[in-house]
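K.L.:
Here it is: the structure, laid out below.
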Amino acid sequence: MAFDIIHIPASQLSEKQVQDIIELAAEAFSGDFEASIRKDLTSGMEIITVYRAEELLAFHTFQFLDFEVDGTKYRGVYDGDLITKKNKPKIASLLFTEILKVYHKEQQRCGLRLFDLLPLAGTQMYSCLDDLYRKYYPNPYYETPDYEKQVLDALASEIFGRNYDSVRGLISYSNNKYALKTVQPDSNAPKKETPSSLFYLKLNPGFEDGTDLACLAEVSRENIIVNLD
């Protein structure tokens, strides 16, 4: 059965689609997230949804914005919520590819360097960066260059204000509204500790309580790994 991929302003969602989004998000978050998601959907954000028949399999909210560093103008994209059905790696890959195609198209349209700000909640999402971007920050294999750190701080501060801790690189939310649901591990499954997951846990040990690690990648054909054609 074919997938139905739709990219629209979030304000154009029907109430049924909004409810589908809330129900899918409830599979990932345990905090009081619903009010925040509903607010995002009416605040100028865009959304990509993946449906199969009447079932919502994945969605991603995002917003483009302009910002400056030392008088230089840039375009930024804030990655909001990105949720996929559990154990659906093909859906996640499909969604990531569609997201990067939209971002790259915007970079070509605006003609500015475009930077992707990714507030990442957990090792699984952080490990996905290796399949999306050739270079991203912070990275377990090399230091974040000074200028990229300035760009990251400027963009994260523009979006999150005082909720962003530039020293630790973490984003905190009130009332732990994006706390992750705890999944009981399979005692027979091998542990999947990788350099990326260990690095993420070192930087953001409290991620299960809803604290995100702010990550940055430049959106350019040279830096994007997935096929944009």
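Chain lettering (A, B, ...) mirrors the order of the structure tokens, residue numbering begins at 1 for each chain separately, and ligand numbering begins at 1 in order of display.
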Which neighbours of A:Gly161 fall inside 12 Å, counting only C-alpha atoms, when residues of the same chain fewer than 6 positions from it are skipped, and could you give them as a PyMOL selection string?
P.N.:
chain A and resi 153-155+170-173
K.L.:
Output all heavy atoms for every residue in the selection just made, as a tab-separated table (two decimals), in the first residue's frame.
P.N.:
```
chain	number	residue	atom	x	y	z
A	153	ASP	N	24.89	28.67	18.93
A	153	ASP	CA	24.42	29.46	20.08
A	153	ASP	C	23.44	30.54	19.64
A	153	ASP	O	22.42	30.78	20.30
A	153	ASP	CB	25.60	30.09	20.81
A	153	ASP	CG	26.44	29.07	21.56
A	153	ASP	OD1	25.96	27.95	21.77
A	153	ASP	OD2	27.59	29.41	21.94
A	154	ALA	N	23.75	31.21	18.52
A	154	ALA	CA	22.88	32.28	18.05
A	154	ALA	C	21.50	31.75	17.66
A	154	ALA	O	20.47	32.33	18.01
A	154	ALA	CB	23.53	33.00	16.87
A	155	LEU	N	21.48	30.64	16.94
A	155	LEU	CA	20.21	30.09	16.47
A	155	LEU	C	19.40	29.50	17.62
A	155	LEU	O	18.19	29.72	17.72
A	155	LEU	CB	20.49	29.02	15.40
A	155	LEU	CG	19.29	28.42	14.67
A	155	LEU	CD1	18.37	29.50	14.11
A	155	LEU	CD2	19.76	27.48	13.56
A	170	LEU	N	22.45	22.48	26.13
A	170	LEU	CA	21.21	21.77	26.41
A	170	LEU	C	20.01	22.71	26.41
A	170	LEU	O	20.13	23.89	26.73
A	170	LEU	CB	21.30	21.05	27.75
A	170	LEU	CG	22.41	20.01	27.90
A	170	LEU	CD1	22.38	19.39	29.29
A	170	LEU	CD2	22.31	18.94	26.83
A	171	ILE	N	18.86	22.15	26.06
A	171	ILE	CA	17.60	22.88	26.05
A	171	ILE	C	16.67	22.24	27.07
A	171	ILE	O	16.43	21.02	27.02
A	171	ILE	CB	16.94	22.83	24.66
A	171	ILE	CG1	17.90	23.39	23.60
A	171	ILE	CG2	15.63	23.60	24.66
A	171	ILE	CD1	17.54	22.99	22.18
A	172	SER	N	16.17	23.04	27.99
A	172	SER	CA	15.27	22.54	29.03
A	172	SER	C	13.87	23.10	28.83
A	172	SER	O	13.70	24.21	28.32
A	172	SER	CB	15.79	22.93	30.42
A	172	SER	OG	17.09	22.41	30.64
A	173	TYR	N	12.88	22.33	29.23
A	173	TYR	CA	11.48	22.73	29.08
A	173	TYR	C	10.80	22.70	30.44
A	173	TYR	O	11.18	21.93	31.33
A	173	TYR	CB	10.75	21.78	28.12
A	173	TYR	CG	11.40	21.65	26.77
A	173	TYR	CD1	12.33	20.64	26.53
A	173	TYR	CD2	11.11	22.54	25.75
A	173	TYR	CE1	12.94	20.52	25.29
A	173	TYR	CE2	11.72	22.42	24.50
A	173	TYR	CZ	12.63	21.40	24.28
A	173	TYR	OH	13.23	21.28	23.06
```
K.L.:
Using only C-alpha atoms, which residues sit within 12 Å of A:Glu15 once same-chain residues fewer than 5 positions away are excluded, as an MDAnalysis selection string?
P.N.:
chainID A and resid 10 20:22 38 41:42
K.L.:
Applying 10 Å and only C-alpha atoms, which residues near A:Gly111 remain after dropping the ones on its own chain fewer than 5 positions away? List them as number ranges by chain.
P.N.:
A: 74-75, 106
K.L.:
Using N, CA, C and O atoms, can you export the residues from the last selection as a compact mmCIF listing (two decimals), in the first residue's frame?
P.N.:
```txt
# COMPACT_ATOMS: atom_id res chain seq x y z
N TYR A 74 21.90 34.74 7.94
CA TYR A 74 21.75 33.32 7.63
C TYR A 74 20.26 32.97 7.67
O TYR A 74 19.43 33.69 8.21
N ARG A 75 19.96 31.83 7.09
CA ARG A 75 18.62 31.25 7.20
C ARG A 75 18.76 30.04 8.12
O ARG A 75 19.73 29.28 8.04
N GLU A 106 14.58 25.04 0.09
CA GLU A 106 14.51 26.37 0.72
C GLU A 106 15.86 27.06 0.66
O GLU A 106 15.95 28.27 0.43
```
K.L.:
Considering only C-alpha atoms, return as JSON, numbers by chain whatever protein or nucleic-acid residues lie within 8 Å of A:Met45, sequence-local ones (same chain, fewer than 6 positions apart) excluded.
P.N.:
{"A": [9, 10, 11, 61, 62, 63]}
K.L.:
For the residues selected in the previous step, produce a file with all heavy atoms as a compact mmCIF listing (two decimals), in the first residue's frame.
P.N.:
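For reference, selection36.txt as written:
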```
# COMPACT_ATOMS: atom_id res chain seq x y z
N PRO A 9 1.33 24.05 5.61
CA PRO A 9 1.37 24.80 6.86
C PRO A 9 0.58 24.06 7.93
O PRO A 9 -0.50 23.53 7.66
CB PRO A 9 0.70 26.13 6.50
CG PRO A 9 0.85 26.24 5.01
CD PRO A 9 0.77 24.84 4.49
N ALA A 10 1.12 23.98 9.14
CA ALA A 10 0.46 23.22 10.19
C ALA A 10 -0.93 23.75 10.51
O ALA A 10 -1.80 23.01 10.95
CB ALA A 10 1.32 23.21 11.45
N SER A 11 -1.14 25.05 10.26
CA SER A 11 -2.45 25.66 10.55
C SER A 11 -3.56 25.11 9.66
O SER A 11 -4.73 25.29 9.95
CB SER A 11 -2.38 27.17 10.38
OG SER A 11 -1.98 27.50 9.05
N THR A 61 7.35 18.59 12.44
CA THR A 61 7.07 20.02 12.39
C THR A 61 8.38 20.79 12.33
O THR A 61 9.39 20.38 12.92
CB THR A 61 6.27 20.48 13.63
OG1 THR A 61 6.98 20.12 14.82
CG2 THR A 61 4.89 19.83 13.65
N PHE A 62 8.35 21.92 11.63
CA PHE A 62 9.57 22.71 11.49
C PHE A 62 9.21 24.14 11.11
O PHE A 62 8.07 24.43 10.70
CB PHE A 62 10.50 22.10 10.42
CG PHE A 62 9.88 22.00 9.05
CD1 PHE A 62 10.11 22.98 8.10
CD2 PHE A 62 9.08 20.93 8.72
CE1 PHE A 62 9.54 22.89 6.84
CE2 PHE A 62 8.51 20.82 7.45
CZ PHE A 62 8.74 21.80 6.51
N GLN A 63 10.19 25.02 11.24
CA GLN A 63 9.95 26.44 10.94
C GLN A 63 11.24 27.08 10.45
O GLN A 63 12.30 26.92 11.06
CB GLN A 63 9.44 27.17 12.17
CG GLN A 63 8.99 28.59 11.91
CD GLN A 63 8.26 29.18 13.12
OE1 GLN A 63 8.55 28.82 14.25
NE2 GLN A 63 7.32 30.05 12.87
```
K.L.:
Could you list, with a cut-off of 12 Å and counting only C-alpha atoms, the residues of stretch 115-210 of chain A near stretch 97-104 of chain A, each shown with its nearest atom pair and the distance in Å rounded to one decimal, rows sorted by chain and ascending number, as a tab-separated table?
P.N.:
```
residue	atom	partner	partner_atom	distance
A:Phe115	CA	A:Tyr103	CA	9.4
A:Asp116	CA	A:Tyr103	CA	8.5
A:Leu117	CA	A:Tyr103	CA	11.7
A:Cys128	CA	A:Thr97	CA	11.9
A:Leu129	CA	A:Leu100	CA	11.9
A:Asp131	CA	A:Thr97	CA	10.2
A:Leu132	CA	A:Leu100	CA	8.3
A:Tyr133	CA	A:Leu100	CA	9.8
```
